[in-house]
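*Asks:* I'm passing along coords_1.pdb; it holds PDB, C-alpha atoms, pLDDT in the B column.
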```
ATOM      1  CA  MET A  20      -9.242 -25.224 -19.913  1.00 76.00           C
ATOM      2  CA  SER A  21     -12.539 -25.945 -18.208  1.00 83.00           C
ATOM      3  CA  GLU A  22     -15.982 -26.648 -19.578  1.00 88.00           C
ATOM      4  CA  TYR A  23     -17.352 -24.508 -16.710  1.00 83.00           C
ATOM      5  CA  SER A  24     -15.246 -21.474 -17.536  1.00 87.00           C
ATOM      6  CA  PRO A  25     -16.991 -18.871 -19.698  1.00 87.00           C
ATOM      7  CA  THR A  26     -13.772 -17.810 -21.517  1.00 89.00           C
ATOM      8  CA  PRO A  27      -9.997 -18.059 -21.317  1.00 92.00           C
ATOM      9  CA  ILE A  28      -8.508 -15.502 -18.912  1.00 95.00           C
ATOM     10  CA  ARG A  29      -7.902 -12.182 -20.645  1.00 95.00           C
ATOM     11  CA  ASP A  30      -5.008  -9.818 -19.891  1.00 95.00           C
ATOM     12  CA  THR A  31      -7.467  -7.079 -18.897  1.00 96.00           C
ATOM     13  CA  GLU A  32      -9.069  -9.147 -16.116  1.00 96.00           C
ATOM     14  CA  ARG A  33      -8.484  -8.495 -12.427  1.00 96.00           C
ATOM     15  CA  LEU A  34      -7.382 -11.556 -10.452  1.00 97.00           C
ATOM     16  CA  THR A  35      -7.708 -11.998  -6.702  1.00 96.00           C
ATOM     17  CA  ARG A  36      -5.903 -14.295  -4.330  1.00 96.00           C
ATOM     18  CA  PHE A  37      -8.041 -14.910  -1.262  1.00 96.00           C
ATOM     19  CA  VAL A  38      -6.050 -14.673   1.964  1.00 95.00           C
ATOM     20  CA  PHE A  39      -6.957 -16.844   4.937  1.00 94.00           C
ATOM     21  CA  SER A  40      -5.506 -17.023   8.419  1.00 92.00           C
ATOM     22  CA  PRO A  41      -3.494 -18.880   9.587  1.00 92.00           C
ATOM     23  CA  ILE A  42      -2.602 -20.391   6.209  1.00 91.00           C
ATOM     24  CA  HIS A  43      -1.392 -17.161   4.606  1.00 93.00           C
ATOM     25  CA  ILE A  44      -0.788 -14.969   7.668  1.00 92.00           C
ATOM     26  CA  GLY A  45       2.319 -15.141   9.845  1.00 89.00           C
ATOM     27  CA  LYS A  46       2.647 -14.551  13.562  1.00 89.00           C
ATOM     28  CA  SER A  47       3.521 -10.938  12.760  1.00 88.00           C
ATOM     29  CA  GLY A  48       0.039 -10.463  11.290  1.00 86.00           C
ATOM     30  CA  LYS A  49       1.443  -9.913   7.803  1.00 89.00           C
ATOM     31  CA  VAL A  50       1.031 -11.991   4.668  1.00 91.00           C
ATOM     32  CA  LYS A  51       3.512 -14.878   4.584  1.00 88.00           C
ATOM     33  CA  SER A  52       6.009 -14.912   1.753  1.00 78.00           C
ATOM     34  CA  SER A  53       4.671 -18.385   0.922  1.00 85.00           C
ATOM     35  CA  VAL A  54       1.256 -17.028  -0.158  1.00 91.00           C
ATOM     36  CA  PHE A  55       2.226 -17.815  -3.777  1.00 90.00           C
ATOM     37  CA  SER A  56       4.300 -20.954  -3.130  1.00 86.00           C
ATOM     38  CA  HIS A  57       1.884 -23.237  -4.970  1.00 87.00           C
ATOM     39  CA  VAL A  58       2.628 -21.447  -8.237  1.00 87.00           C
ATOM     40  CA  THR A  59       5.796 -23.540  -8.548  1.00 81.00           C
ATOM     41  CA  GLU A  60       4.190 -26.808  -7.488  1.00 81.00           C
ATOM     42  CA  LYS A  61       0.574 -27.550  -8.314  1.00 84.00           C
ATOM     43  CA  GLY A  62      -0.820 -24.155  -9.237  1.00 88.00           C
ATOM     44  CA  CYS A  63      -1.864 -21.173  -7.171  1.00 92.00           C
ATOM     45  CA  SER A  64      -5.616 -20.771  -6.836  1.00 94.00           C
ATOM     46  CA  ILE A  65      -7.036 -17.391  -7.872  1.00 96.00           C
ATOM     47  CA  GLN A  66     -10.468 -15.972  -8.570  1.00 96.00           C
ATOM     48  CA  ARG A  67     -11.293 -14.116 -11.746  1.00 96.00           C
ATOM     49  CA  ASP A  68     -12.662 -11.073  -9.989  1.00 95.00           C
ATOM     50  CA  SER A  69     -13.790  -9.546 -13.274  1.00 90.00           C
ATOM     51  CA  ILE A  70     -16.326 -12.318 -13.884  1.00 93.00           C
ATOM     52  CA  ALA A  71     -17.053 -13.814 -10.453  1.00 94.00           C
ATOM     53  CA  THR A  72     -20.474 -13.124  -9.031  1.00 94.00           C
ATOM     54  CA  ASN A  73     -20.968 -12.146  -5.417  1.00 95.00           C
ATOM     55  CA  ASP A  74     -22.938 -15.345  -4.801  1.00 94.00           C
ATOM     56  CA  GLU A  75     -20.046 -17.445  -6.143  1.00 94.00           C
ATOM     57  CA  MET A  76     -17.554 -15.644  -3.909  1.00 94.00           C
ATOM     58  CA  VAL A  77     -19.776 -16.028  -0.842  1.00 95.00           C
ATOM     59  CA  ALA A  78     -20.070 -19.752  -1.594  1.00 94.00           C
ATOM     60  CA  PHE A  79     -16.289 -20.006  -2.098  1.00 93.00           C
ATOM     61  CA  VAL A  80     -15.402 -18.331   1.209  1.00 94.00           C
ATOM     62  CA  THR A  81     -18.116 -20.201   3.109  1.00 92.00           C
ATOM     63  CA  SER A  82     -16.987 -23.535   1.691  1.00 91.00           C
ATOM     64  CA  PHE A  83     -13.321 -22.848   2.423  1.00 90.00           C
ATOM     65  CA  LEU A  84     -14.043 -21.968   6.038  1.00 90.00           C
ATOM     66  CA  ALA A  85     -16.691 -24.631   6.692  1.00 86.00           C
ATOM     67  CA  GLY A  86     -15.718 -26.908   9.549  1.00 81.00           C
ATOM     68  CA  LYS A  87     -12.398 -25.132  10.080  1.00 82.00           C
ATOM     69  CA  GLU A  88     -12.836 -23.223  13.340  1.00 86.00           C
ATOM     70  CA  ASP A  89      -9.212 -22.069  13.307  1.00 89.00           C
ATOM     71  CA  ARG A  90      -9.506 -20.351   9.912  1.00 91.00           C
ATOM     72  CA  SER A  91     -10.707 -16.872   9.040  1.00 91.00           C
ATOM     73  CA  TRP A  92     -10.961 -14.813   5.874  1.00 94.00           C
ATOM     74  CA  VAL A  93      -8.538 -11.897   6.071  1.00 94.00           C
ATOM     75  CA  GLY A  94      -9.163 -10.383   2.625  1.00 95.00           C
ATOM     76  CA  VAL A  95      -7.758 -10.486  -0.902  1.00 96.00           C
ATOM     77  CA  LEU A  96      -4.679  -9.536  -2.873  1.00 96.00           C
ATOM     78  CA  SER A  97      -5.401  -8.205  -6.348  1.00 96.00           C
ATOM     79  CA  ALA A  98      -3.567  -7.761  -9.668  1.00 96.00           C
ATOM     80  CA  LYS A  99      -4.240  -7.433 -13.381  1.00 96.00           C
ATOM     81  CA  THR A 100      -3.662 -10.556 -15.470  1.00 96.00           C
ATOM     82  CA  GLY A 101      -1.514  -8.674 -17.991  1.00 95.00           C
ATOM     83  CA  THR A 102       0.841  -7.598 -15.213  1.00 95.00           C
ATOM     84  CA  ILE A 103       1.161 -11.166 -13.960  1.00 95.00           C
ATOM     85  CA  ARG A 104       1.706 -12.601 -17.431  1.00 93.00           C
ATOM     86  CA  SER A 105       4.461 -10.064 -18.135  1.00 92.00           C
ATOM     87  CA  LEU A 106       6.612 -11.301 -15.236  1.00 91.00           C
ATOM     88  CA  LYS A 107      10.041 -12.648 -16.129  1.00 88.00           C
ATOM     89  CA  VAL A 108      12.777 -14.244 -14.034  1.00 85.00           C
ATOM     90  CA  GLY A 109      16.506 -14.417 -14.532  1.00 77.00           C
ATOM     91  CA  GLU A 110      17.897 -13.444 -17.897  1.00 77.00           C
ATOM     92  CA  THR A 111      15.127 -14.936 -20.003  1.00 77.00           C
ATOM     93  CA  ALA A 112      12.740 -12.907 -22.117  1.00 82.00           C
ATOM     94  CA  HIS A 113      10.082 -15.596 -21.749  1.00 83.00           C
ATOM     95  CA  ARG A 114       6.914 -15.436 -19.686  1.00 86.00           C
ATOM     96  CA  ALA A 115       7.336 -16.888 -16.194  1.00 86.00           C
ATOM     97  CA  ILE A 116       3.634 -17.221 -15.285  1.00 91.00           C
ATOM     98  CA  CYS A 117       0.681 -18.759 -17.043  1.00 91.00           C
ATOM     99  CA  ALA A 118      -2.906 -17.997 -15.987  1.00 94.00           C
ATOM    100  CA  TYR A 119      -5.449 -20.735 -16.687  1.00 93.00           C
ATOM    101  CA  ASP A 120      -9.218 -20.797 -16.420  1.00 94.00           C
ATOM    102  CA  THR A 121      -9.930 -23.840 -14.269  1.00 94.00           C
ATOM    103  CA  GLY A 122     -13.505 -23.092 -13.290  1.00 93.00           C
ATOM    104  CA  ASN A 123     -15.646 -25.784 -11.769  1.00 90.00           C
ATOM    105  CA  GLU A 124     -19.383 -26.271 -11.526  1.00 90.00           C
ATOM    106  CA  ASN A 125     -19.680 -24.360  -8.246  1.00 88.00           C
ATOM    107  CA  ASN A 126     -17.027 -21.768  -9.047  1.00 92.00           C
ATOM    108  CA  PRO A 127     -16.780 -20.957 -12.775  1.00 94.00           C
ATOM    109  CA  ALA A 128     -14.518 -17.971 -11.999  1.00 95.00           C
ATOM    110  CA  HIS A 129     -11.758 -20.146 -10.520  1.00 95.00           C
ATOM    111  CA  GLY A 130      -8.334 -20.012 -12.095  1.00 95.00           C
ATOM    112  CA  GLU A 131      -4.768 -21.121 -11.478  1.00 95.00           C
ATOM    113  CA  LEU A 132      -1.438 -19.371 -11.770  1.00 95.00           C
ATOM    114  CA  CYS A 133       1.393 -21.733 -12.710  1.00 90.00           C
ATOM    115  CA  GLN A 134       5.052 -21.249 -13.419  1.00 84.00           C
ATOM    116  CA  SER A 135       5.978 -21.653 -17.060  1.00 81.00           C
ATOM    117  CA  GLN A 136       8.493 -24.105 -18.454  1.00 78.00           C
ATOM    118  CA  TYR A 137      11.134 -21.366 -18.301  1.00 67.00           C
ATOM    119  CA  VAL A 138      11.318 -21.312 -14.498  1.00 67.00           C
ATOM    120  CA  ILE A 139      13.731 -24.092 -13.682  1.00 68.00           C
ATOM    121  CA  GLU A 140      16.199 -23.165 -10.948  1.00 75.00           C
ATOM    122  CA  GLU A 141      15.216 -22.849  -7.285  1.00 74.00           C
ATOM    123  CA  ALA A 142      16.586 -19.288  -7.294  1.00 72.00           C
ATOM    124  CA  ASP A 143      14.248 -18.497 -10.191  1.00 80.00           C
ATOM    125  CA  ARG A 144      11.320 -19.885  -8.211  1.00 80.00           C
ATOM    126  CA  ASN A 145      12.167 -17.663  -5.258  1.00 83.00           C
ATOM    127  CA  GLU A 146      12.428 -14.642  -7.562  1.00 85.00           C
ATOM    128  CA  LEU A 147       9.137 -15.575  -9.191  1.00 85.00           C
ATOM    129  CA  ARG A 148       7.295 -15.720  -5.850  1.00 86.00           C
ATOM    130  CA  ALA A 149       8.817 -12.366  -4.889  1.00 87.00           C
ATOM    131  CA  ASN A 150       7.727 -10.860  -8.222  1.00 89.00           C
ATOM    132  CA  LEU A 151       4.204 -12.185  -7.708  1.00 91.00           C
ATOM    133  CA  PHE A 152       4.089 -10.768  -4.193  1.00 91.00           C
ATOM    134  CA  PHE A 153       5.174  -7.370  -5.540  1.00 92.00           C
ATOM    135  CA  SER A 154       2.657  -7.504  -8.415  1.00 94.00           C
ATOM    136  CA  PHE A 155      -0.191  -8.314  -6.039  1.00 94.00           C
ATOM    137  CA  GLY A 156       0.323  -5.061  -4.142  1.00 92.00           C
ATOM    138  CA  GLU A 157       3.284  -6.130  -1.993  1.00 89.00           C
ATOM    139  CA  GLY A 158       0.996  -7.954   0.410  1.00 85.00           C
ATOM    140  CA  ALA A 159      -1.410  -5.021   0.855  1.00 91.00           C
ATOM    141  CA  ILE A 160      -4.592  -6.860   1.750  1.00 94.00           C
ATOM    142  CA  ILE A 161      -7.974  -5.536   0.727  1.00 95.00           C
ATOM    143  CA  ALA A 162     -10.024  -6.264   3.846  1.00 94.00           C
ATOM    144  CA  PRO A 163     -13.360  -8.120   3.552  1.00 94.00           C
ATOM    145  CA  LYS A 164     -15.291  -4.976   4.497  1.00 94.00           C
ATOM    146  CA  GLN A 165     -13.589  -3.028   1.677  1.00 95.00           C
ATOM    147  CA  TYR A 166     -13.652  -5.764  -0.965  1.00 96.00           C
ATOM    148  CA  ARG A 167     -16.575  -5.294  -3.367  1.00 96.00           C
ATOM    149  CA  ASN A 168     -18.177  -2.705  -1.083  1.00 95.00           C
ATOM    150  CA  ALA A 169     -18.540  -5.387   1.615  1.00 94.00           C
ATOM    151  CA  ASP A 170     -21.033  -7.294  -0.557  1.00 95.00           C
ATOM    152  CA  ILE A 171     -19.307 -10.633   0.128  1.00 94.00           C
ATOM    153  CA  TRP A 172     -18.765  -9.844   3.817  1.00 94.00           C
ATOM    154  CA  ASN A 173     -22.392  -8.838   4.354  1.00 93.00           C
ATOM    155  CA  CYS A 174     -23.658 -12.109   2.901  1.00 92.00           C
ATOM    156  CA  LEU A 175     -21.419 -14.428   4.934  1.00 90.00           C
ATOM    157  CA  PRO A 176     -23.021 -16.325   7.804  1.00 84.00           C
ATOM    158  CA  ALA A 177     -22.603 -14.332  11.043  1.00 81.00           C
ATOM    159  CA  GLY A 178     -20.332 -16.998  12.568  1.00 77.00           C
ATOM    160  CA  LEU A 179     -17.822 -16.572   9.754  1.00 72.00           C
ATOM    161  CA  GLN A 180     -17.891 -12.773  10.049  1.00 65.00           C
ATOM    162  CA  LEU A 181     -17.007 -13.004  13.724  1.00 58.00           C
ATOM    163  CA  ARG A 182     -13.772 -14.808  12.930  1.00 53.00           C
ATOM    164  CA  ALA A 183     -12.329 -11.935  10.887  1.00 53.00           C
TER     165      ALA A 183
END
```
Once more with this new file: its structure as C-alpha cells, please.

*Replies:*
Amino acid sequence: MSEYSPTPIRDTERLTRFVFSPIHIGKSGKVKSSVFSHVTEKGCSIQRDSIATNDEMVAFVTSFLAGKEDRSWVGVLSAKTGTIRSLKVGETAHRAICAYDTGNENNPAHGELCQSQYVIEEADRNELRANLFFSFGEGAIIAPKQYRNADIWNCLPAGLQLRA
C-alpha cells in the first residue's frame, strides 16, 4: 500500500504491537483490553518485526515518547501474520483481519491491522479484539530488555530508559 514499504506483508512475518504506558496499561499493571481497539476504527498500528531495523525501532520509540513525560515503553506483543489473518468471528468463514503495509519514510516497517468488511456487529468487534489479544500471546509482554536482545533498549536515550 505504501511506496516506502519494501513488500506487502507476508503470512510468515512476525508482527509486533508496541505497548506504552499509560495508553495500553491499566491501573492493575496489565495490558488493557483496548490495546487492539483501533482495529475496528482507523487501523491498529503494528511493526513488521521481520523487516524492521533496530535503528528504525529506536527512532519509532524515541519519537513516540518525545515530549510525553507521562509515557513509557513497556514492551511489545508479538504474533505471526498468518495467525492474525486466519482469525474469524461469528459464524462466517471469511477473514476478519487484514494486514496492510503502510510504511512511511521514517518507518518503512510500519503496518496496520484493520477489521475486514465481514465484521459488522458490535459483538463481532468485541470478539475480534479478544481473538487478537489471544493471538498476540494473551497480553504477555516481551519487555524492552528481552526484545531483540535489548538492542533497542540499549540504544534509547538514557532518559527514556529510566521511565520503563

*Asks:* Considering all atoms listed in the file, state which residue in the set A:Ala112, A:Ala98, A:Cys117, A:Val80 is at the smallest distance from Pro27 of chain A.

*Replies:* A:Cys117

*Asks:* Grab the atom CA of Gly156 of chain A to atom CA of Asp30 of chain A distance for me, in Å with one decimal place.

*Replies:*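 Between these atoms lies a distance of 17.3 Å.
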
*Asks:* For Ser24 of chain A, which of A:Thr59, A:Ser105, A:Ser52, A:Asn125 is the closest residue, counting all atoms listed in the file?

*Replies:*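 When distances to Ser24 of chain A are compared using all atoms listed in the file, the smallest one comes from A:Asn125.
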
*Asks:* Atom CA of Arg114 of chain A and atom CA of Phe152 of chain A are how many Å apart?

*Replies:*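 Separation of atom CA of Arg114 of chain A and atom CA of Phe152 of chain A: 16.4 Å.
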
*Asks:* Of the candidates A:Gln134, A:Asn173, A:Ser40, A:Thr31, which one gets nearest to Leu106 of chain A if we count all atoms listed in the file?

*Replies:*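 Of the candidates, the smallest distance to Leu106 of chain A is held by A:Gln134.
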
*Asks:* Do you know which residues lie at most 10 Å from (-14.5, -22.4, -9.0), with coordinates as in the file and all atoms listed in the file counted, and could you write them as a VMD selection string?

*Replies:* chain A and resid 23 to 24 64 to 67 71 75 to 76 78 to 79 120 to 130

*Asks:* Restricting the calculation to all atoms listed in the file, which member of A:Ala142, A:Val50, A:Leu132, A:Val77 is positioned closest to Leu175 of chain A?

*Replies:*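 So, comparing all the options, the nearest one is A:Val77.
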
*Asks:* With all atoms listed in the file as the atoms that count, which of A:Arg33, A:Glu131, A:Pro163, A:Ile28 lies nearest to Thr102 of chain A?

*Replies:* A:Arg33

*Asks:* Could you please determine the separation between atom CA of Asp74 of chain A and atom CA of Cys174 of chain A in Å, to one decimal place?

*Replies:*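 Taking atom CA of Asp74 of chain A and atom CA of Cys174 of chain A, their separation equals 8.4 Å.
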
*Asks:* Using all atoms listed in the file, what residues lie at most 12 Å away from (17.3, -18.9, -19.8) (file coordinates), given as a PyMOL selection string?

*Replies:* chain A and resi 107-115+135-140+143

*Asks:* Those same residues - C-alpha atoms - I'd like them written as a PDB file, in the frame of the given file.

*Replies:*
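File written: again_10.pdb
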```pdb
ATOM      1  CA  LYS A 107      10.041 -12.648 -16.129  1.00 88.00           C
ATOM      2  CA  VAL A 108      12.777 -14.244 -14.034  1.00 85.00           C
ATOM      3  CA  GLY A 109      16.506 -14.417 -14.532  1.00 77.00           C
ATOM      4  CA  GLU A 110      17.897 -13.444 -17.897  1.00 77.00           C
ATOM      5  CA  THR A 111      15.127 -14.936 -20.003  1.00 77.00           C
ATOM      6  CA  ALA A 112      12.740 -12.907 -22.117  1.00 82.00           C
ATOM      7  CA  HIS A 113      10.082 -15.596 -21.749  1.00 83.00           C
ATOM      8  CA  ARG A 114       6.914 -15.436 -19.686  1.00 86.00           C
ATOM      9  CA  ALA A 115       7.336 -16.888 -16.194  1.00 86.00           C
ATOM     10  CA  SER A 135       5.978 -21.653 -17.060  1.00 81.00           C
ATOM     11  CA  GLN A 136       8.493 -24.105 -18.454  1.00 78.00           C
ATOM     12  CA  TYR A 137      11.134 -21.366 -18.301  1.00 67.00           C
ATOM     13  CA  VAL A 138      11.318 -21.312 -14.498  1.00 67.00           C
ATOM     14  CA  ILE A 139      13.731 -24.092 -13.682  1.00 68.00           C
ATOM     15  CA  GLU A 140      16.199 -23.165 -10.948  1.00 75.00           C
ATOM     16  CA  ASP A 143      14.248 -18.497 -10.191  1.00 80.00           C
TER      17      ASP A 143
END
```

*Asks:* Pick out the closest residue to Arg104 of chain A from this set: A:His57, A:Arg29, A:Arg144, A:Arg90. Count only C-alpha atoms.

*Replies:*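 With only C-alpha atoms as the atom set, the closest residue is A:Arg29.
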
*Asks:* As AutoDock Vina command-line options, please: the centre and edge lengths in Å, to one decimal, of an axis-aligned box enclosing every listed atom of segment 64-77 of chain A with 8 Å added on each side.

*Replies:*
```
--center_x -14.3 --center_y -15.2 --center_z -7.4 --size_x 33.3 --size_y 27.2 --size_z 29.0
```

*Asks:* List the residues selected by the PyMOL selection byres ((chain A and resi 158) around 10) in the file shown, writing them as a PDB file with C-alpha atoms, in the frame of the given file.

*Replies:*
```pdb
ATOM      1  CA  VAL A  38      -6.050 -14.673   1.964  1.00 95.00           C
ATOM      2  CA  LYS A  49       1.443  -9.913   7.803  1.00 89.00           C
ATOM      3  CA  VAL A  50       1.031 -11.991   4.668  1.00 91.00           C
ATOM      4  CA  LYS A  51       3.512 -14.878   4.584  1.00 88.00           C
ATOM      5  CA  SER A  52       6.009 -14.912   1.753  1.00 78.00           C
ATOM      6  CA  VAL A  54       1.256 -17.028  -0.158  1.00 91.00           C
ATOM      7  CA  VAL A  95      -7.758 -10.486  -0.902  1.00 96.00           C
ATOM      8  CA  LEU A  96      -4.679  -9.536  -2.873  1.00 96.00           C
ATOM      9  CA  SER A  97      -5.401  -8.205  -6.348  1.00 96.00           C
ATOM     10  CA  LEU A 151       4.204 -12.185  -7.708  1.00 91.00           C
ATOM     11  CA  PHE A 152       4.089 -10.768  -4.193  1.00 91.00           C
ATOM     12  CA  PHE A 153       5.174  -7.370  -5.540  1.00 92.00           C
ATOM     13  CA  SER A 154       2.657  -7.504  -8.415  1.00 94.00           C
ATOM     14  CA  PHE A 155      -0.191  -8.314  -6.039  1.00 94.00           C
ATOM     15  CA  GLY A 156       0.323  -5.061  -4.142  1.00 92.00           C
ATOM     16  CA  GLU A 157       3.284  -6.130  -1.993  1.00 89.00           C
ATOM     17  CA  ALA A 159      -1.410  -5.021   0.855  1.00 91.00           C
ATOM     18  CA  ILE A 160      -4.592  -6.860   1.750  1.00 94.00           C
ATOM     19  CA  ILE A 161      -7.974  -5.536   0.727  1.00 95.00           C
TER      20      ILE A 161
END
```

*Asks:* Neighbouring residues of Arg148 of chain A were defined as those with any atom within 8 Å, considering all atoms listed in the file; residues of the same chain fewer than 5 positions away were excluded. Please report them as a list in words.

*Replies:* Ser52, Ser53, Phe55, Ser56 and Val58 of chain A

*Asks:* Dump C-alpha atoms for the selected residues as an mmCIF file, keeping the file's coordinate frame?

*Replies:*
```
data_model
loop_
_atom_site.group_PDB
_atom_site.id
_atom_site.type_symbol
_atom_site.label_atom_id
_atom_site.label_comp_id
_atom_site.auth_asym_id
_atom_site.auth_seq_id
_atom_site.Cartn_x
_atom_site.Cartn_y
_atom_site.Cartn_z
ATOM 1 C CA SER A 52 6.009 -14.912 1.753
ATOM 2 C CA SER A 53 4.671 -18.385 0.922
ATOM 3 C CA PHE A 55 2.226 -17.815 -3.777
ATOM 4 C CA SER A 56 4.300 -20.954 -3.130
ATOM 5 C CA VAL A 58 2.628 -21.447 -8.237
#
```

*Asks:* Would you list the contacts of Asp89 of chain A as a list of chain:residue names, taking every protein, DNA or RNA residue within 10 Å and counting all atoms listed in the file, but skipping same-chain residues closer than 2 positions in sequence?

*Replies:* A:Ser40, A:Pro41, A:Ile42, A:Leu84, A:Gly86, A:Lys87, A:Ser91, A:Arg182
